[in-house]
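Peer 1: Pasting a structure below so you can have a look.
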Amino acid sequence: MSAKAIREQTGKELLGRFVSHGIVSKFAVVTENTKWDALTVEHPWLLTEKLVVKPDQLIKRRGKLGLIKVNATLGEVKTWLSTRLGANVTVGKATGKLNNFIIEPFVPHTADEEFYVAIFAHRHGDTILFHHEGGVDIGDVDAKAVKYDVPVFGSISVDDIKTKLVHLAPANKQDNLANFIASLFEVYTNLYFTYLEINPLVVTKDKIFILDLAAKLDATADFLCKAKWGEIDFPPPFGREAMPEEAYIADLDAKSGASLKLTILNRKGRIWTMVAGGGASVIYSDTICDLGGAEELANYGEYSGAPSEQQTYEYAKTLLNLMTSEDKHPKGKVLLIGGGIANFTNVAATFKGIVRALHQFAGKLREHNVSIFVRRAGPNYQEGLRIMREEGSRLGVPIHVFGPETHMTAIVGMALGTRSVPAEPEKMETTANFLLDASGKGLKVPNGRQQEDSLPEAAKPAAADVQPAAASAAEPSGGGQAEAGYRPIFTNKSKALIWGMQSRAVQSMLDFDYCCRRSEPSVSAMVYPFSGDHKQKFYWGHKEILIPLYKNLEDGIRKHPEADIMISFASLRSAYDSTMDVLKFPQIRTIAIIAEGIPEAKTRELIKTADEKGVTIIGPATVGGVKPGCFKIGNTGGMLDNILSSKLYRPGSVAYVSRSGGMSNELNNIIARTTDGIYEGVAIGGDRYPGSTFIQHMLRYQDDPEVKMLVLLGEVGGTEEYDICAAIQSGRINKPLVAWCIGTCATMFASEVQFGHAGACANGERETSAAKNAALKAIGAHVPDNFDVLGEKIREVFDRLVESGVVVPQAEVPPPTVPMDYSWARELGIIRKPASFMTSICDERGHELLYAGMPITEIFEQDMGIGGVLSLLWFQRRLPPYAAKFIEQCLMVTADHGPAVSGAHNCIVTARAGKDLVSSLCSGLLTIGDRFGGALDAAAKQFSDAYDKGLIPMEFVNEMRKQGKLIMGIGHRVKSINNPDMRVKILRDYAHSTFPATPLLDYATKVEKITTSKKPNLILNVDGFIGVAMVDMLRNCGCFSLEEANEYVEIGALNGLFVLGRSMGFIGHYLDQCRLKQGLYRHPWDDISYIMPENMTGYNPM
């Protein structure tokens, strides 16, 4: 939702800070947690002034409800609050708890000092209402108030306000009022208010007081106004308390590019919904209420916009916890996992998140006797439905699963017992484009389309007619001439520029083009300001093609004069600026804006500019539109399997307009299954002010002779549907119209519910779905009883058109086969190939990084440290805490041994040569070997081989002497038996105190006694100690077999400890040299012995 109501205290605080024409604004807030002593210290005027107190919880007409106490002392306020603060009251149909009050100074005034001011936004600008007699008894404001319209991009002067708005006010107050309203309107505009009402506004001799205020802010303008707004609290409607689960989902939504909404209506309810899509979520609620389930409906919500598996899991987990935390229901509970046909959301990925949550709550689901009904389709839906069916058999919970072959809301009737549950769902004839029967036989053909073999000879198309399936959609033909001035916005020659790096959407458009037998791709180029000019590779059928990408919009438009459509995937933050840039070029005649969440004021400016330039805008907040056989916008229509099953590769006879993008795809499916298919369909977008309206597109369809029938899917909120009623009444529209407005459930809820679309909120009876449906039906439109039978109504009207000859059956011509992308074929489990790499230690593909199967969050929660992480990544298992700590100690003692050793020396020389950190580190690491630091593996092998052979220490020493080999890990240049290495002492003490057994270390210690008896510096050095101690740890910690322990020694795991530890020291030396700004190193001559031959002789063959 964009326009959100704010508390009175919030509105007054904003006006107090920003209205330049001074107003008196003092208030204090009281909640159940308020400490009166602290409150009076913060607001000492509470002790000295008469007061007004009232609840601040979006309650209308508080005075008439007896919820205001005026002219009271603080003691009287406390007494009055004692019976109301925390109490439940009923306001209309809503019952809620009074928990937030505002206290203000009482303002003595007379009736002639009260005024009424309101400002509200609409499509074409803002309207200011003023009445010179304000107060609770103002009555019908619309009839009484003076109105002043400020158009988009318009302004208002103080003089205009005086002469046209406040002229009926007392003359001595007009200047003060005019200056105040001018400043108020400026703040209203700059702070992105959408509604602001002050009643009464009290103007005394020299002061202005705002006594009562109601306001709404455009929440989508947060990124523009955050610094001015501060932290804004958007309270829920009265009667519906803000619940922690709702706040949690709202937080997920704020952090996600997807849309996640949850409103809890009745925690004890029996019917729970988890619906994908803003439009679909409303329709499911409508159907539940239509079938008598309104009182049992527990929640409203949606998940859409391609949420990740983890986001869907969090959403589902929250919902299931709510569902199973209350008492059991005697009839059991129902969970509807529904949705339309997705355009781009990977159904399988979202279902995997839901399945994880179902698995987690399996026991509680069985305990509460929960039945689950699933209906979904879209990209990879086959895999998603398979996953869901299998989960049902594992959980022991009844799960009924259906795809696009089943009407979207049919599962509601099944769940509520008004419709039988089919034993086996109807099979779709096509499930993926590569499975399509190229002959066209076996395809289900609705009335109005016939297989070529069944047509009379005279009706069969000639060979030349079969080639371009889109020919009839390119321009009017056969059905008469179009109205003068008619211009289709899409043809089979249309070309588009794509704003944004949206390779998947572009490929989807190209596959559609190829499927429609277009001669050329519909995408001319891409524009992306964050990349240099280059070409992007795409597929055109079986071939690879290159599409240019430009950094500058002007370059793209100038180099592609054939492109007259811009499809903008710009973010909500950049969509306004980028679209205004596009509107500077007359070449572009149609703009599709995909982004959701553009501030309403900015959208109105786009609409105004586009109208002035004669440009059609589709969106914002839309998936776009499609003209079968000609052109589609971005991801509209979903994957190719849906395009084929919905017959979008060739034109039909039915044109529709919808607000919802997801429901436009559902309409494609419904219309394809009940008529000869779609001629054109547009989703104008769910925002309050769509760039183009229902009537604009309906008039286009009326003027196109190829369109024989119209379908409208409207919704609660706004009045655009009445424009269609007027057009039908005047005769401007005379083609058959099937219409339905969703959101009929809104009037059945006790408190206001904001649906998924920003514009889906009725601001009066006329904007309700029921009123609109009644008006459409009264004017002659075909209006079904509910959405559940919409398809039947469409079939009924279309069949009459066929019977009367308005629609003539055409041959069904199958499309060419389009190859499936490898990634999607693999996703569907259709193909396999051997992997180029194998890994068993880390997996970054899912919602959370895994180390050897352990989630990274658990690693931090259990404080495993570097030793624990290393045990997972190196040894593929979690070692005991003492072992992990020993590994960390080894890293600590091997971290550095001064600048004189060869590795550090090399690193320092390289750093002083001006090389980078990585080069310097590598220079030091390359010195590690048997002579420096690499003795861990060798020592471990020598000592363990001797020990395993049963050689006593003396035999081992003698054997090595006979072979002329050094004992690795024995000896030190500086340390000796008399000057022990403290690093070894620390590690030795720890190993003896924590290891279960140290047989190899004990063996090495006996060897050390023999070697040091000959020379005191032949001690067991740190390399040797770590080598033998690690063997003891691997062999005796209980995590490895003897073979596994030996394998880790053989493959060099122990040397890895020295490499990892010493890397820390090398990096330290590099940083130290850079910090000290040391120059290029040159070794001094006096430290080099130059030994040259005493004489050089020439070549002597003798």
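Ordering of the structure tokens sets the chain letters (A, B, ...); residue numbers start at 1 within each chain; ligands are numbered from 1 in the order shown.
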Can you pull out every residue from segment 220-458 of chain A that DSSP, working from the backbone, puts in alpha helix (DSSP H), and format the result as a ChimeraX atom specification?

Peer 2: /A:222-229,244-254,278-290,309-325,347-360,362-367,381-395,410-416

Peer 1: Contacts of Cys289 of chain A at 8 Å or less, counting only C-alpha atoms, minus same-chain residues fewer than 4 places along, as a PDB file with N, CA and C atoms, in the first residue's frame?

Peer 2:
ATOM      1  N   SER A 285      -9.816 -14.445  -1.164  1.00  0.00           N
ATOM      2  CA  SER A 285     -10.608 -13.945  -0.038  1.00  0.00           C
ATOM      3  C   SER A 285     -12.051 -13.707  -0.457  1.00  0.00           C
ATOM      4  N   GLY A 293     -17.569 -18.335   4.092  1.00  0.00           N
ATOM      5  CA  GLY A 293     -16.490 -18.547   5.049  1.00  0.00           C
ATOM      6  C   GLY A 293     -15.921 -17.286   5.659  1.00  0.00           C
ATOM      7  N   ALA A 294     -16.624 -16.146   5.531  1.00  0.00           N
ATOM      8  CA  ALA A 294     -16.076 -14.870   5.989  1.00  0.00           C
ATOM      9  C   ALA A 294     -15.711 -14.897   7.472  1.00  0.00           C
ATOM     10  N   LEU A 297     -12.500 -16.895   8.095  1.00  0.00           N
ATOM     11  CA  LEU A 297     -11.274 -16.517   7.389  1.00  0.00           C
ATOM     12  C   LEU A 297     -10.287 -15.940   8.398  1.00  0.00           C
ATOM     13  N   CYS A 745     -14.975  -8.896  -0.907  1.00  0.00           N
ATOM     14  CA  CYS A 745     -14.898  -9.276   0.505  1.00  0.00           C
ATOM     15  C   CYS A 745     -14.632  -8.085   1.419  1.00  0.00           C
ATOM     16  N   MET A 748     -16.992  -7.078   4.105  1.00  0.00           N
ATOM     17  CA  MET A 748     -17.344  -8.087   5.107  1.00  0.00           C
ATOM     18  C   MET A 748     -16.401  -8.092   6.298  1.00  0.00           C
TER      19      MET A 748
END

Peer 1: Taking only segment 816-866 of chain A into account, list the residues labelled strand (DSSP E) by DSSP (computed from the backbone), as number ranges by chain.

Peer 2: A: 842-843, 850-851, 854-855

Peer 1: Separation of atom CA of Tyr284 of chain A and atom CA of Leu648 of chain A, in Å?

Peer 2: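 Distance reported for this atom pair: 25.7 Å.
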
Peer 1: Residues at most 9 Å from segment 501-508 of chain A, counting only C-alpha atoms, excluding those fewer than 5 positions away in the same chain, as a PyMOL selection string?

Peer 2: chain A and resi 344+513+523+526-528+536+538-540+549+569+632-636+638-640

Peer 1: Please produce a file of those selected residues containing N, CA and C atoms, as a PDB file, in the first residue's frame.

Peer 2:
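What landed in part.pdb:
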ATOM      1  N   PHE A 344       6.994 -14.961 -13.745  1.00  0.00           N
ATOM      2  CA  PHE A 344       8.439 -15.185 -13.663  1.00  0.00           C
ATOM      3  C   PHE A 344       8.894 -15.845 -12.367  1.00  0.00           C
ATOM      4  N   ASP A 513       8.771 -14.160 -29.755  1.00  0.00           N
ATOM      5  CA  ASP A 513       8.819 -13.696 -31.152  1.00  0.00           C
ATOM      6  C   ASP A 513       9.011 -14.860 -32.109  1.00  0.00           C
ATOM      7  N   VAL A 523      13.186  -6.957 -29.861  1.00  0.00           N
ATOM      8  CA  VAL A 523      14.095  -6.154 -29.042  1.00  0.00           C
ATOM      9  C   VAL A 523      15.196  -5.597 -29.923  1.00  0.00           C
ATOM     10  N   MET A 526      19.335  -2.742 -25.646  1.00  0.00           N
ATOM     11  CA  MET A 526      19.171  -2.561 -24.213  1.00  0.00           C
ATOM     12  C   MET A 526      19.912  -1.297 -23.792  1.00  0.00           C
ATOM     13  N   VAL A 527      19.439  -0.668 -22.733  1.00  0.00           N
ATOM     14  CA  VAL A 527      20.081   0.524 -22.189  1.00  0.00           C
ATOM     15  C   VAL A 527      20.337   0.282 -20.710  1.00  0.00           C
ATOM     16  N   TYR A 528      21.582   0.500 -20.303  1.00  0.00           N
ATOM     17  CA  TYR A 528      21.924   0.274 -18.892  1.00  0.00           C
ATOM     18  C   TYR A 528      23.052   1.237 -18.525  1.00  0.00           C
ATOM     19  N   GLN A 536      25.248  -8.079 -26.090  1.00  0.00           N
ATOM     20  CA  GLN A 536      24.824  -9.206 -25.270  1.00  0.00           C
ATOM     21  C   GLN A 536      24.376 -10.350 -26.184  1.00  0.00           C
ATOM     22  N   PHE A 538      22.167 -13.595 -27.159  1.00  0.00           N
ATOM     23  CA  PHE A 538      20.865 -14.215 -26.911  1.00  0.00           C
ATOM     24  C   PHE A 538      20.613 -15.275 -27.982  1.00  0.00           C
ATOM     25  N   TYR A 539      19.521 -16.022 -27.771  1.00  0.00           N
ATOM     26  CA  TYR A 539      19.128 -17.046 -28.738  1.00  0.00           C
ATOM     27  C   TYR A 539      17.934 -16.562 -29.550  1.00  0.00           C
ATOM     28  N   TRP A 540      17.998 -16.826 -30.849  1.00  0.00           N
ATOM     29  CA  TRP A 540      16.868 -16.630 -31.749  1.00  0.00           C
ATOM     30  C   TRP A 540      16.562 -18.008 -32.329  1.00  0.00           C
ATOM     31  N   LEU A 549      23.953  -3.216 -26.286  1.00  0.00           N
ATOM     32  CA  LEU A 549      23.607  -2.590 -25.017  1.00  0.00           C
ATOM     33  C   LEU A 549      24.350  -1.262 -24.946  1.00  0.00           C
ATOM     34  N   PHE A 569      12.751  -1.545 -16.785  1.00  0.00           N
ATOM     35  CA  PHE A 569      12.918  -2.352 -15.583  1.00  0.00           C
ATOM     36  C   PHE A 569      13.698  -1.576 -14.522  1.00  0.00           C
ATOM     37  N   LYS A 632       5.138  -9.064 -26.900  1.00  0.00           N
ATOM     38  CA  LYS A 632       4.850  -9.156 -25.471  1.00  0.00           C
ATOM     39  C   LYS A 632       5.872  -8.351 -24.698  1.00  0.00           C
ATOM     40  N   ILE A 633       5.441  -7.835 -23.576  1.00  0.00           N
ATOM     41  CA  ILE A 633       6.286  -6.997 -22.727  1.00  0.00           C
ATOM     42  C   ILE A 633       6.989  -7.865 -21.702  1.00  0.00           C
ATOM     43  N   GLY A 634       8.295  -7.915 -21.777  1.00  0.00           N
ATOM     44  CA  GLY A 634       9.105  -8.556 -20.753  1.00  0.00           C
ATOM     45  C   GLY A 634       8.689  -9.966 -20.417  1.00  0.00           C
ATOM     46  N   ASN A 635       8.371 -10.188 -19.141  1.00  0.00           N
ATOM     47  CA  ASN A 635       8.043 -11.527 -18.646  1.00  0.00           C
ATOM     48  C   ASN A 635       6.562 -11.877 -18.758  1.00  0.00           C
ATOM     49  N   THR A 636       5.767 -11.012 -19.387  1.00  0.00           N
ATOM     50  CA  THR A 636       4.336 -11.288 -19.524  1.00  0.00           C
ATOM     51  C   THR A 636       4.100 -12.660 -20.148  1.00  0.00           C
ATOM     52  N   GLY A 638       4.647 -15.515 -18.858  1.00  0.00           N
ATOM     53  CA  GLY A 638       5.416 -16.572 -18.220  1.00  0.00           C
ATOM     54  C   GLY A 638       6.299 -17.339 -19.182  1.00  0.00           C
ATOM     55  N   MET A 639       6.552 -18.605 -18.842  1.00  0.00           N
ATOM     56  CA  MET A 639       7.422 -19.452 -19.641  1.00  0.00           C
ATOM     57  C   MET A 639       6.704 -19.922 -20.906  1.00  0.00           C
ATOM     58  N   LEU A 640       7.485 -20.497 -21.813  1.00  0.00           N
ATOM     59  CA  LEU A 640       6.928 -20.901 -23.098  1.00  0.00           C
ATOM     60  C   LEU A 640       5.847 -21.959 -22.967  1.00  0.00           C
TER      61      LEU A 640
END

Peer 1: Restricting the calculation to only C-alpha atoms, which member of A:Tyr192, A:Phe238, A:Phe351, A:Phe120 is positioned closest to Tyr313 of chain A?

Peer 2: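 Checking each of A:Tyr192, A:Phe238, A:Phe351, A:Phe120 against Tyr313 of chain A, counting only C-alpha atoms, the winner is A:Phe351.
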